[in-house]
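A quick write-up on the structure given underneath.
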Amino acid sequence: MRPAPDSASSPAHGLTPPPAPAPTARQALREGALAAWAVVVASWGVGWLPLTTPSSVFSGTTILTPLRVGFVPVTACAVLLAVGSLLMVRAWLRLGRALQGRWEAAGPVVRRAAWAWSLPFLLAFPVFSRDVYSYLQQGRLLSLGLDPYQHGVSALGGWFMHGADSIWAESPSPYGPLFLVFATGVWRLTGGQVELSVTLFRLLALAGLALCLWALPRLAEASGRSASWAVWVCLVNPLFLLYMVAGVHNDSLMTGLMLVGLVLLMRAGRRRVLRLWGLVAVALSVAIKPLTVLALPFVAMLLPTGDAHFRPGTQTRMRRRERIGPWITTAAVALAVMTILGAGTGLWFGWVPAMATSGSAAFPYAPVGLLGLGLGWAVDAVSTVPARTVASGFYTLMIVAALGFTVWMALRRTPRHPVYATALCLLVAVVAAPIIQPWYFLWVMPLLACAPRPLPGTADHPRWLGWVTAAAALALIGAGVVDQLSVAQWLPLALIRCVNAVVVLVGIWWIVRRDASTAPLFPRGRGRPPRETIEPRRPLPAPAPARTTLPASAPRLDQE
């Protein structure tokens, strides 16, 4: 962290204020925990809860009526959700400033922050998403002997009353067989009781967080990165905690298993059993959400010698025939895992066609989705071809393009580091999809944070895991607290969203421009970089055999 004095940035010139002294870690931890509790209280008024189902504890009581019925209390809860979420981002940034320069000893602090800011959500109703109720109904489908890859939740009586979103009415499940086993187990254990089911699914999300907290620092250390910084930027990040834990998404479990597999493969050394367990962990990640199948060609390259062949300064060409053996082994392990799960559930490989069609159920907010709609409308206007047919064909073409990019990355003569290559392929798959949800980027962030430096081109610039990540967290969280509000149908939802949008814009402006404890982390204008960056950088290893060392007086890169 290197402050850059600039008289033009003083309040007298109407720009960002001078940086305030960094807060203590204790202060930031306390502020983040209070913000998390504010989100919990707000969720009681505007969180997703199906009050029309008899299986809900609160459906037969009036205890929530003061928070969920009147315009004023509902608006107050919506504003509290926005304020609490933004204050979590502020506490996260302040914690980063407090720990800058002493990341090596910060492991206990960042782990404490992750748990202190996520455990309160056990008492919250789902916010930012209601996918958890679709999980429950898909588990119900399987428990009744129906195939969730062949039937949407509309095959069930009362599915909408149980809180499932209508976009899943006719859509096949996009999840792997292992997660459907978990969903079926939750349905059978709870009998569909809403609050208990949400709690069990949230415990699965917390289990994913625990796996990430175990694997991410080890993966970062194996790549020569700062372990504590990687945990801070990826897992303590409110974008992760709010969407994965408060929003109850299975992506945290998918990501945790993928990271565990990478750690076992990179650190196994000569222990072949650990490498096989690493492949099993990645295969189980595919069985949670099949998109991580894109990681298999790259984790296979770690089988022979870990990542020794891919470290900076040691990369050489790798003959394609040298990859055939690891690819066969990886394919055999993954096929065995998926076959066992498919046979045990009776679903076999129904997830393969379902993965290609489930995305069409949601409105395509993504650029590719909007482009497909526009292309479809244009063709429909001048021909007899339906717009939906054209859009579906375009989406299929983009999926093929993403798969082609993965094949090209896997066949490169000088392959990229497997962690970085996996991140790139997942990122391309997200961008090429007809829909993009905010939490999709959380699949990529841990991999980029742990990829050994230097990365190609401008990908190594500190802004990507610095102020750009912070700005993205603010924007995506702001979008969630405006769009994802559960409000009674007799209340003016549009007006409540407008109020929240104003609160979000003012809050983001304050954090980025006026708050002296966070504004130094953001650019001060066009061509004027932030005063401070929060990214420790270790000296990069020199290419062998010409090893050089810095003189004792040379400045350390992790002080930048």
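Every chain in the structure tokens takes a letter, A first, then B, and so on in the order presented; its residues are numbered from 1, and the ligands are numbered from 1 following the presented order.
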
What's the 10 Å shell around Arg275 of chain A, counting only C-alpha atoms, without same-chain residues fewer than 5 positions away, as a PDB file with N, CA, C and O atoms, in the first residue's frame?
```pdb
ATOM      1  N   GLY A 261     -10.367 -30.519  -4.944  1.00  0.00           N
ATOM      2  CA  GLY A 261      -9.734 -31.389  -5.929  1.00  0.00           C
ATOM      3  C   GLY A 261      -8.453 -30.801  -6.483  1.00  0.00           C
ATOM      4  O   GLY A 261      -7.443 -31.503  -6.625  1.00  0.00           O
ATOM      5  N   LEU A 262      -8.453 -29.500  -6.775  1.00  0.00           N
ATOM      6  CA  LEU A 262      -7.244 -28.852  -7.280  1.00  0.00           C
ATOM      7  C   LEU A 262      -6.127 -28.891  -6.257  1.00  0.00           C
ATOM      8  O   LEU A 262      -4.955 -29.118  -6.594  1.00  0.00           O
ATOM      9  N   VAL A 263      -6.454 -28.666  -4.986  1.00  0.00           N
ATOM     10  CA  VAL A 263      -5.430 -28.702  -3.938  1.00  0.00           C
ATOM     11  C   VAL A 263      -4.797 -30.083  -3.855  1.00  0.00           C
ATOM     12  O   VAL A 263      -3.562 -30.227  -3.797  1.00  0.00           O
ATOM     13  N   LEU A 264      -5.630 -31.120  -3.835  1.00  0.00           N
ATOM     14  CA  LEU A 264      -5.094 -32.481  -3.727  1.00  0.00           C
ATOM     15  C   LEU A 264      -4.220 -32.837  -4.924  1.00  0.00           C
ATOM     16  O   LEU A 264      -3.197 -33.513  -4.786  1.00  0.00           O
ATOM     17  N   LEU A 265      -4.577 -32.375  -6.095  1.00  0.00           N
ATOM     18  CA  LEU A 265      -3.790 -32.683  -7.283  1.00  0.00           C
ATOM     19  C   LEU A 265      -2.485 -31.899  -7.323  1.00  0.00           C
ATOM     20  O   LEU A 265      -1.457 -32.422  -7.767  1.00  0.00           O
ATOM     21  N   MET A 266      -2.486 -30.673  -6.850  1.00  0.00           N
ATOM     22  CA  MET A 266      -1.280 -29.855  -6.908  1.00  0.00           C
ATOM     23  C   MET A 266      -0.291 -30.197  -5.797  1.00  0.00           C
ATOM     24  O   MET A 266       0.910 -30.040  -5.975  1.00  0.00           O
ATOM     25  N   ARG A 267      -0.794 -30.678  -4.662  1.00  0.00           N
ATOM     26  CA  ARG A 267       0.073 -30.909  -3.508  1.00  0.00           C
ATOM     27  C   ARG A 267       0.340 -32.381  -3.257  1.00  0.00           C
ATOM     28  O   ARG A 267       0.979 -32.731  -2.264  1.00  0.00           O
ATOM     29  N   ALA A 268      -0.120 -33.257  -4.130  1.00  0.00           N
ATOM     30  CA  ALA A 268      -0.024 -34.691  -3.850  1.00  0.00           C
ATOM     31  C   ALA A 268       1.399 -35.220  -3.939  1.00  0.00           C
ATOM     32  O   ALA A 268       1.744 -36.200  -3.288  1.00  0.00           O
ATOM     33  N   GLY A 269       2.251 -34.587  -4.758  1.00  0.00           N
ATOM     34  CA  GLY A 269       3.597 -35.113  -4.933  1.00  0.00           C
ATOM     35  C   GLY A 269       3.552 -36.486  -5.569  1.00  0.00           C
ATOM     36  O   GLY A 269       2.943 -36.688  -6.615  1.00  0.00           O
ATOM     37  N   ARG A 270       4.194 -37.450  -4.940  1.00  0.00           N
ATOM     38  CA  ARG A 270       4.218 -38.821  -5.477  1.00  0.00           C
ATOM     39  C   ARG A 270       3.075 -39.683  -4.945  1.00  0.00           C
ATOM     40  O   ARG A 270       3.000 -40.864  -5.259  1.00  0.00           O
ATOM     41  N   VAL A 280     -11.675 -37.438  -7.823  1.00  0.00           N
ATOM     42  CA  VAL A 280     -13.009 -37.750  -7.301  1.00  0.00           C
ATOM     43  C   VAL A 280     -13.701 -36.478  -6.818  1.00  0.00           C
ATOM     44  O   VAL A 280     -14.902 -36.268  -7.062  1.00  0.00           O
ATOM     45  N   ALA A 281     -12.954 -35.610  -6.130  1.00  0.00           N
ATOM     46  CA  ALA A 281     -13.551 -34.370  -5.620  1.00  0.00           C
ATOM     47  C   ALA A 281     -14.055 -33.498  -6.770  1.00  0.00           C
ATOM     48  O   ALA A 281     -15.148 -32.925  -6.701  1.00  0.00           O
ATOM     49  N   VAL A 299      -7.469 -30.265 -14.991  1.00  0.00           N
ATOM     50  CA  VAL A 299      -7.021 -30.951 -13.777  1.00  0.00           C
ATOM     51  C   VAL A 299      -6.293 -32.231 -14.144  1.00  0.00           C
ATOM     52  O   VAL A 299      -5.416 -32.691 -13.404  1.00  0.00           O
ATOM     53  N   ALA A 300      -6.633 -32.833 -15.306  1.00  0.00           N
ATOM     54  CA  ALA A 300      -5.930 -34.040 -15.736  1.00  0.00           C
ATOM     55  C   ALA A 300      -4.451 -33.779 -15.940  1.00  0.00           C
ATOM     56  O   ALA A 300      -3.610 -34.656 -15.679  1.00  0.00           O
ATOM     57  N   LEU A 302      -2.560 -32.110 -14.217  1.00  0.00           N
ATOM     58  CA  LEU A 302      -1.849 -32.071 -12.931  1.00  0.00           C
ATOM     59  C   LEU A 302      -1.485 -33.472 -12.445  1.00  0.00           C
ATOM     60  O   LEU A 302      -0.741 -33.599 -11.459  1.00  0.00           O
ATOM     61  N   LEU A 303      -2.009 -34.506 -13.092  1.00  0.00           N
ATOM     62  CA  LEU A 303      -1.785 -35.868 -12.602  1.00  0.00           C
ATOM     63  C   LEU A 303      -0.313 -36.287 -12.604  1.00  0.00           C
ATOM     64  O   LEU A 303       0.166 -36.850 -11.602  1.00  0.00           O
ATOM     65  N   PRO A 304       0.464 -36.043 -13.664  1.00  0.00           N
ATOM     66  CA  PRO A 304       1.835 -36.591 -13.672  1.00  0.00           C
ATOM     67  C   PRO A 304       2.739 -36.006 -12.592  1.00  0.00           C
ATOM     68  O   PRO A 304       3.360 -36.746 -11.842  1.00  0.00           O
ATOM     69  N   GLY A 306       1.908 -32.806 -10.641  1.00  0.00           N
ATOM     70  CA  GLY A 306       1.319 -31.617 -10.044  1.00  0.00           C
ATOM     71  C   GLY A 306       1.426 -30.453 -11.021  1.00  0.00           C
ATOM     72  O   GLY A 306       1.265 -30.626 -12.222  1.00  0.00           O
TER      73      GLY A 306
END
```

Within 7 Å of Tyr395 of chain A using only C-alpha atoms, minus same-chain residues under 4 positions, as a PyMOL selection string: chain A and resi 372+391+399+434

Go through A:Ala25, A:Leu491, A:Leu86, A:Val468 one by one, measure the shortest atom-to-atom distance of each to Val109 of chain A using only C-alpha atoms, and give the residue with the smallest value.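 Smallest separation from Val109 of chain A among the options: A:Ala25.
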
Which residues are close to Gly157 of chain A, i.e. within 12 Å by only C-alpha atoms, leaving aside same-chain residues fewer than 6 positions away? Reply as a list in words. Thr53, Gln137, Arg140, Leu141, Leu144, Ala164 and Ala169 of chain A

For segment 474-481 of chain A: contacts at 9 Å, only C-alpha atoms, fewer than 4 positions along chain excluded, given as a list in words: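 Returned residues: Ala78, Val79, Leu81, Ala82, Ser85, Leu86, Val89, Val127, Phe128, Ser129, Pro238, Leu239, Leu242, Tyr243, Pro438, Trp439, Thr469, Ala470, Leu485, Arg497, Asn500, Ala501, Val504, Leu505 and Ile508 of chain A.
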
Write to file, as a short mmCIF file (atom, residue, chain, number, x, y, z; two decimals), in the first residue's frame, the residues of the selection just made, with N, CA, C and O atoms.
```
data_model
loop_
_atom_site.label_atom_id
_atom_site.label_comp_id
_atom_site.auth_asym_id
_atom_site.auth_seq_id
_atom_site.Cartn_x
_atom_site.Cartn_y
_atom_site.Cartn_z
N ALA A 78 -36.91 -3.02 3.25
CA ALA A 78 -36.18 -3.00 1.98
C ALA A 78 -34.97 -2.08 2.06
O ALA A 78 -33.87 -2.42 1.60
N VAL A 79 -35.17 -0.90 2.65
CA VAL A 79 -34.05 0.03 2.81
C VAL A 79 -33.00 -0.54 3.76
O VAL A 79 -31.79 -0.41 3.51
N LEU A 81 -32.31 -3.67 4.15
CA LEU A 81 -31.57 -4.68 3.39
C LEU A 81 -30.49 -4.03 2.54
O LEU A 81 -29.35 -4.52 2.48
N ALA A 82 -30.82 -2.92 1.89
CA ALA A 82 -29.84 -2.22 1.07
C ALA A 82 -28.71 -1.65 1.91
O ALA A 82 -27.52 -1.82 1.60
N SER A 85 -26.48 -4.47 3.43
CA SER A 85 -25.64 -5.11 2.41
C SER A 85 -24.46 -4.21 2.04
O SER A 85 -23.32 -4.67 1.92
N LEU A 86 -24.73 -2.90 1.83
CA LEU A 86 -23.65 -1.98 1.48
C LEU A 86 -22.67 -1.80 2.64
O LEU A 86 -21.47 -1.65 2.42
N VAL A 89 -20.15 -4.49 2.55
CA VAL A 89 -19.08 -4.21 1.60
C VAL A 89 -18.09 -3.21 2.20
O VAL A 89 -16.87 -3.37 2.08
N VAL A 127 -32.69 -14.30 0.83
CA VAL A 127 -32.65 -13.01 0.15
C VAL A 127 -31.80 -13.17 -1.11
O VAL A 127 -31.04 -14.12 -1.24
N PHE A 128 -31.97 -12.23 -2.05
CA PHE A 128 -31.24 -12.21 -3.31
C PHE A 128 -31.62 -13.34 -4.27
O PHE A 128 -31.20 -13.33 -5.42
N SER A 129 -32.40 -14.31 -3.81
CA SER A 129 -32.82 -15.40 -4.68
C SER A 129 -33.81 -16.29 -3.93
O SER A 129 -33.76 -16.38 -2.71
N PRO A 238 -18.56 -9.82 0.56
CA PRO A 238 -20.02 -9.93 0.75
C PRO A 238 -20.76 -10.46 -0.46
O PRO A 238 -21.86 -11.01 -0.33
N LEU A 239 -20.18 -10.33 -1.64
CA LEU A 239 -20.81 -10.92 -2.82
C LEU A 239 -20.95 -12.43 -2.65
O LEU A 239 -21.97 -13.03 -3.02
N LEU A 242 -23.43 -13.05 0.71
CA LEU A 242 -24.83 -12.71 0.52
C LEU A 242 -25.50 -13.59 -0.52
O LEU A 242 -26.65 -14.02 -0.33
N TYR A 243 -24.82 -13.88 -1.61
CA TYR A 243 -25.44 -14.68 -2.65
C TYR A 243 -25.34 -16.18 -2.37
O TYR A 243 -26.27 -16.93 -2.66
N PRO A 438 -25.55 -13.03 -10.88
CA PRO A 438 -24.40 -12.40 -10.23
C PRO A 438 -23.42 -13.38 -9.60
O PRO A 438 -22.21 -13.16 -9.62
N TRP A 439 -23.94 -14.48 -9.05
CA TRP A 439 -23.04 -15.41 -8.35
C TRP A 439 -22.23 -16.28 -9.30
O TRP A 439 -21.32 -16.98 -8.87
N THR A 469 -13.02 -5.54 -8.69
CA THR A 469 -13.78 -6.53 -7.92
C THR A 469 -14.67 -5.84 -6.90
O THR A 469 -15.84 -6.22 -6.71
N ALA A 470 -14.14 -4.83 -6.21
CA ALA A 470 -14.95 -4.09 -5.23
C ALA A 470 -16.12 -3.39 -5.89
O ALA A 470 -17.25 -3.41 -5.39
N LEU A 485 -36.90 -8.62 -4.15
CA LEU A 485 -37.67 -8.26 -2.96
C LEU A 485 -38.98 -9.03 -2.97
O LEU A 485 -39.69 -9.05 -3.98
N ARG A 497 -39.01 -0.43 -5.10
CA ARG A 497 -37.75 -0.63 -5.82
C ARG A 497 -37.09 0.70 -6.15
O ARG A 497 -35.86 0.83 -6.08
N ASN A 500 -35.39 1.95 -3.06
CA ASN A 500 -34.16 1.19 -2.82
C ASN A 500 -33.06 1.57 -3.81
O ASN A 500 -31.88 1.61 -3.47
N ALA A 501 -33.45 1.80 -5.06
CA ALA A 501 -32.46 2.19 -6.07
C ALA A 501 -31.79 3.50 -5.69
O ALA A 501 -30.56 3.65 -5.84
N VAL A 504 -29.40 2.76 -2.85
CA VAL A 504 -28.21 2.05 -3.35
C VAL A 504 -27.27 3.01 -4.06
O VAL A 504 -26.04 2.99 -3.82
N LEU A 505 -27.78 3.85 -4.93
CA LEU A 505 -26.92 4.78 -5.67
C LEU A 505 -26.22 5.75 -4.73
O LEU A 505 -25.01 6.02 -4.90
N ILE A 508 -23.52 3.71 -2.77
CA ILE A 508 -22.34 3.40 -3.58
C ILE A 508 -21.51 4.66 -3.81
O ILE A 508 -20.27 4.63 -3.70
#
```

Long-range neighbours of segment 440-450 of chain A as a PDB file with all heavy atoms, in the first residue's frame, 8 Å cut-off, only C-alpha atoms, 6 positions minimum in chain:
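Final output, saved to out_4.pdb:
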```pdb
ATOM      1  N   LEU A 216      -8.943 -22.965  -0.320  1.00  0.00           N
ATOM      2  CA  LEU A 216      -8.446 -21.768  -0.997  1.00  0.00           C
ATOM      3  C   LEU A 216      -7.086 -21.319  -0.490  1.00  0.00           C
ATOM      4  O   LEU A 216      -6.190 -21.023  -1.303  1.00  0.00           O
ATOM      5  CB  LEU A 216      -9.476 -20.645  -0.874  1.00  0.00           C
ATOM      6  CG  LEU A 216      -9.191 -19.410  -1.730  1.00  0.00           C
ATOM      7  CD1 LEU A 216      -9.194 -19.762  -3.211  1.00  0.00           C
ATOM      8  CD2 LEU A 216     -10.226 -18.317  -1.456  1.00  0.00           C
ATOM      9  N   LEU A 219      -4.471 -23.706  -1.849  1.00  0.00           N
ATOM     10  CA  LEU A 219      -4.273 -23.529  -3.277  1.00  0.00           C
ATOM     11  C   LEU A 219      -3.479 -22.259  -3.555  1.00  0.00           C
ATOM     12  O   LEU A 219      -2.599 -22.239  -4.428  1.00  0.00           O
ATOM     13  CB  LEU A 219      -5.621 -23.473  -3.987  1.00  0.00           C
ATOM     14  CG  LEU A 219      -5.602 -23.460  -5.518  1.00  0.00           C
ATOM     15  CD1 LEU A 219      -4.962 -24.726  -6.058  1.00  0.00           C
ATOM     16  CD2 LEU A 219      -7.020 -23.308  -6.067  1.00  0.00           C
ATOM     17  N   ALA A 220      -3.753 -21.206  -2.810  1.00  0.00           N
ATOM     18  CA  ALA A 220      -3.010 -19.957  -2.985  1.00  0.00           C
ATOM     19  C   ALA A 220      -1.538 -20.148  -2.628  1.00  0.00           C
ATOM     20  O   ALA A 220      -0.641 -19.688  -3.346  1.00  0.00           O
ATOM     21  CB  ALA A 220      -3.633 -18.858  -2.125  1.00  0.00           C
ATOM     22  N   SER A 223       0.422 -21.894  -5.198  1.00  0.00           N
ATOM     23  CA  SER A 223       0.666 -21.065  -6.377  1.00  0.00           C
ATOM     24  C   SER A 223       1.533 -19.854  -6.072  1.00  0.00           C
ATOM     25  O   SER A 223       1.720 -19.003  -6.943  1.00  0.00           O
ATOM     26  CB  SER A 223      -0.679 -20.608  -6.970  1.00  0.00           C
ATOM     27  OG  SER A 223      -1.469 -21.707  -7.351  1.00  0.00           O
ATOM     28  N   ARG A 225       0.836 -17.455  -3.900  1.00  0.00           N
ATOM     29  CA  ARG A 225       0.024 -16.295  -3.595  1.00  0.00           C
ATOM     30  C   ARG A 225      -0.181 -16.177  -2.093  1.00  0.00           C
ATOM     31  O   ARG A 225       0.073 -17.113  -1.345  1.00  0.00           O
ATOM     32  CB  ARG A 225      -1.340 -16.397  -4.291  1.00  0.00           C
ATOM     33  CG  ARG A 225      -1.278 -16.630  -5.782  1.00  0.00           C
ATOM     34  CD  ARG A 225      -0.630 -15.443  -6.485  1.00  0.00           C
ATOM     35  NE  ARG A 225      -1.462 -14.264  -6.364  1.00  0.00           N
ATOM     36  CZ  ARG A 225      -1.018 -13.010  -6.469  1.00  0.00           C
ATOM     37  NH1 ARG A 225       0.264 -12.790  -6.682  1.00  0.00           N
ATOM     38  NH2 ARG A 225      -1.842 -12.001  -6.373  1.00  0.00           N
ATOM     39  N   ALA A 230      -6.203 -14.098  -0.453  1.00  0.00           N
ATOM     40  CA  ALA A 230      -7.114 -14.830  -1.333  1.00  0.00           C
ATOM     41  C   ALA A 230      -8.436 -15.110  -0.624  1.00  0.00           C
ATOM     42  O   ALA A 230      -9.516 -14.988  -1.223  1.00  0.00           O
ATOM     43  CB  ALA A 230      -6.461 -16.137  -1.793  1.00  0.00           C
ATOM     44  N   VAL A 233     -10.365 -11.668  -0.407  1.00  0.00           N
ATOM     45  CA  VAL A 233     -10.922 -11.130  -1.636  1.00  0.00           C
ATOM     46  C   VAL A 233     -12.025 -12.018  -2.203  1.00  0.00           C
ATOM     47  O   VAL A 233     -12.930 -11.519  -2.890  1.00  0.00           O
ATOM     48  CB  VAL A 233      -9.811 -10.916  -2.692  1.00  0.00           C
ATOM     49  CG1 VAL A 233      -9.397 -12.222  -3.356  1.00  0.00           C
ATOM     50  CG2 VAL A 233     -10.232  -9.900  -3.741  1.00  0.00           C
ATOM     51  N   CYS A 234     -12.027 -13.312  -1.888  1.00  0.00           N
ATOM     52  CA  CYS A 234     -12.996 -14.237  -2.491  1.00  0.00           C
ATOM     53  C   CYS A 234     -14.106 -14.661  -1.530  1.00  0.00           C
ATOM     54  O   CYS A 234     -15.288 -14.665  -1.911  1.00  0.00           O
ATOM     55  CB  CYS A 234     -12.287 -15.486  -3.003  1.00  0.00           C
ATOM     56  SG  CYS A 234     -11.104 -15.181  -4.316  1.00  0.00           S
ATOM     57  N   PHE A 240     -19.932 -13.067  -2.068  1.00  0.00           N
ATOM     58  CA  PHE A 240     -19.975 -14.507  -1.800  1.00  0.00           C
ATOM     59  C   PHE A 240     -20.951 -14.803  -0.658  1.00  0.00           C
ATOM     60  O   PHE A 240     -21.825 -15.672  -0.771  1.00  0.00           O
ATOM     61  CB  PHE A 240     -18.579 -15.019  -1.455  1.00  0.00           C
ATOM     62  CG  PHE A 240     -18.495 -16.517  -1.308  1.00  0.00           C
ATOM     63  CD1 PHE A 240     -18.066 -17.304  -2.353  1.00  0.00           C
ATOM     64  CD2 PHE A 240     -18.853 -17.146  -0.116  1.00  0.00           C
ATOM     65  CE1 PHE A 240     -17.998 -18.692  -2.230  1.00  0.00           C
ATOM     66  CE2 PHE A 240     -18.791 -18.516   0.022  1.00  0.00           C
ATOM     67  CZ  PHE A 240     -18.352 -19.299  -1.042  1.00  0.00           C
ATOM     68  N   ASP A 251     -23.967 -23.371  -5.364  1.00  0.00           N
ATOM     69  CA  ASP A 251     -22.696 -23.082  -6.035  1.00  0.00           C
ATOM     70  C   ASP A 251     -21.519 -23.079  -5.069  1.00  0.00           C
ATOM     71  O   ASP A 251     -20.385 -23.324  -5.473  1.00  0.00           O
ATOM     72  CB  ASP A 251     -22.773 -21.723  -6.736  1.00  0.00           C
ATOM     73  CG  ASP A 251     -23.906 -21.678  -7.744  1.00  0.00           C
ATOM     74  OD1 ASP A 251     -25.075 -21.689  -7.323  1.00  0.00           O
ATOM     75  OD2 ASP A 251     -23.627 -21.645  -8.950  1.00  0.00           O
ATOM     76  N   THR A 255     -18.190 -25.113  -5.861  1.00  0.00           N
ATOM     77  CA  THR A 255     -16.881 -24.454  -5.880  1.00  0.00           C
ATOM     78  C   THR A 255     -15.940 -25.074  -4.861  1.00  0.00           C
ATOM     79  O   THR A 255     -14.749 -25.285  -5.140  1.00  0.00           O
ATOM     80  CB  THR A 255     -17.052 -22.951  -5.609  1.00  0.00           C
ATOM     81  OG1 THR A 255     -17.978 -22.398  -6.556  1.00  0.00           O
ATOM     82  CG2 THR A 255     -15.731 -22.223  -5.717  1.00  0.00           C
ATOM     83  N   VAL A 419      -4.981 -23.996 -13.321  1.00  0.00           N
ATOM     84  CA  VAL A 419      -5.894 -23.152 -12.545  1.00  0.00           C
ATOM     85  C   VAL A 419      -6.361 -21.968 -13.385  1.00  0.00           C
ATOM     86  O   VAL A 419      -7.548 -21.637 -13.429  1.00  0.00           O
ATOM     87  CB  VAL A 419      -5.210 -22.670 -11.244  1.00  0.00           C
ATOM     88  CG1 VAL A 419      -6.092 -21.669 -10.508  1.00  0.00           C
ATOM     89  CG2 VAL A 419      -4.907 -23.863 -10.343  1.00  0.00           C
ATOM     90  N   TYR A 420      -5.426 -21.332 -14.067  1.00  0.00           N
ATOM     91  CA  TYR A 420      -5.768 -20.184 -14.900  1.00  0.00           C
ATOM     92  C   TYR A 420      -6.606 -20.612 -16.102  1.00  0.00           C
ATOM     93  O   TYR A 420      -7.582 -19.937 -16.475  1.00  0.00           O
ATOM     94  CB  TYR A 420      -4.492 -19.484 -15.372  1.00  0.00           C
ATOM     95  CG  TYR A 420      -4.721 -18.280 -16.252  1.00  0.00           C
ATOM     96  CD1 TYR A 420      -5.385 -17.161 -15.765  1.00  0.00           C
ATOM     97  CD2 TYR A 420      -4.279 -18.269 -17.573  1.00  0.00           C
ATOM     98  CE1 TYR A 420      -5.596 -16.059 -16.566  1.00  0.00           C
ATOM     99  CE2 TYR A 420      -4.489 -17.159 -18.387  1.00  0.00           C
ATOM    100  CZ  TYR A 420      -5.142 -16.061 -17.878  1.00  0.00           C
ATOM    101  OH  TYR A 420      -5.361 -14.962 -18.669  1.00  0.00           O
ATOM    102  N   THR A 422      -8.639 -23.166 -16.310  1.00  0.00           N
ATOM    103  CA  THR A 422      -9.992 -23.465 -15.832  1.00  0.00           C
ATOM    104  C   THR A 422     -10.782 -22.185 -15.617  1.00  0.00           C
ATOM    105  O   THR A 422     -11.961 -22.100 -15.985  1.00  0.00           O
ATOM    106  CB  THR A 422      -9.927 -24.272 -14.524  1.00  0.00           C
ATOM    107  OG1 THR A 422      -9.215 -25.498 -14.757  1.00  0.00           O
ATOM    108  CG2 THR A 422     -11.314 -24.596 -14.015  1.00  0.00           C
ATOM    109  N   ALA A 423     -10.123 -21.184 -15.024  1.00  0.00           N
ATOM    110  CA  ALA A 423     -10.797 -19.906 -14.805  1.00  0.00           C
ATOM    111  C   ALA A 423     -11.235 -19.292 -16.123  1.00  0.00           C
ATOM    112  O   ALA A 423     -12.371 -18.797 -16.248  1.00  0.00           O
ATOM    113  CB  ALA A 423      -9.874 -18.950 -14.047  1.00  0.00           C
ATOM    114  N   LEU A 424     -10.359 -19.308 -17.127  1.00  0.00           N
ATOM    115  CA  LEU A 424     -10.701 -18.722 -18.426  1.00  0.00           C
ATOM    116  C   LEU A 424     -11.881 -19.446 -19.073  1.00  0.00           C
ATOM    117  O   LEU A 424     -12.799 -18.806 -19.608  1.00  0.00           O
ATOM    118  CB  LEU A 424      -9.496 -18.778 -19.359  1.00  0.00           C
ATOM    119  CG  LEU A 424      -8.451 -17.661 -19.256  1.00  0.00           C
ATOM    120  CD1 LEU A 424      -7.414 -17.836 -20.361  1.00  0.00           C
ATOM    121  CD2 LEU A 424      -9.093 -16.288 -19.354  1.00  0.00           C
ATOM    122  N   LEU A 426     -14.266 -21.266 -17.653  1.00  0.00           N
ATOM    123  CA  LEU A 426     -15.498 -20.992 -16.920  1.00  0.00           C
ATOM    124  C   LEU A 426     -16.003 -19.586 -17.222  1.00  0.00           C
ATOM    125  O   LEU A 426     -17.209 -19.356 -17.368  1.00  0.00           O
ATOM    126  CB  LEU A 426     -15.289 -21.177 -15.423  1.00  0.00           C
ATOM    127  CG  LEU A 426     -15.117 -22.625 -14.940  1.00  0.00           C
ATOM    128  CD1 LEU A 426     -14.845 -22.645 -13.443  1.00  0.00           C
ATOM    129  CD2 LEU A 426     -16.358 -23.449 -15.252  1.00  0.00           C
ATOM    130  N   LEU A 427     -15.068 -18.625 -17.319  1.00  0.00           N
ATOM    131  CA  LEU A 427     -15.460 -17.252 -17.618  1.00  0.00           C
ATOM    132  C   LEU A 427     -16.085 -17.155 -19.007  1.00  0.00           C
ATOM    133  O   LEU A 427     -17.118 -16.496 -19.194  1.00  0.00           O
ATOM    134  CB  LEU A 427     -14.247 -16.335 -17.514  1.00  0.00           C
ATOM    135  CG  LEU A 427     -14.499 -14.843 -17.784  1.00  0.00           C
ATOM    136  CD1 LEU A 427     -15.506 -14.281 -16.784  1.00  0.00           C
ATOM    137  CD2 LEU A 427     -13.194 -14.061 -17.724  1.00  0.00           C
ATOM    138  N   VAL A 430     -19.557 -18.552 -18.894  1.00  0.00           N
ATOM    139  CA  VAL A 430     -20.506 -17.625 -18.280  1.00  0.00           C
ATOM    140  C   VAL A 430     -20.900 -16.530 -19.267  1.00  0.00           C
ATOM    141  O   VAL A 430     -22.083 -16.216 -19.442  1.00  0.00           O
ATOM    142  CB  VAL A 430     -19.893 -17.010 -17.001  1.00  0.00           C
ATOM    143  CG1 VAL A 430     -20.737 -15.849 -16.501  1.00  0.00           C
ATOM    144  CG2 VAL A 430     -19.775 -18.059 -15.914  1.00  0.00           C
ATOM    145  N   LEU A 465      -8.386  -7.763  -9.498  1.00  0.00           N
ATOM    146  CA  LEU A 465      -8.748  -8.303  -8.182  1.00  0.00           C
ATOM    147  C   LEU A 465      -8.591  -7.218  -7.123  1.00  0.00           C
ATOM    148  O   LEU A 465      -8.353  -7.505  -5.954  1.00  0.00           O
ATOM    149  CB  LEU A 465      -7.898  -9.533  -7.857  1.00  0.00           C
ATOM    150  CG  LEU A 465      -8.257 -10.769  -8.672  1.00  0.00           C
ATOM    151  CD1 LEU A 465      -7.229 -11.866  -8.485  1.00  0.00           C
ATOM    152  CD2 LEU A 465      -9.644 -11.278  -8.317  1.00  0.00           C
TER     153      LEU A 465
END
```
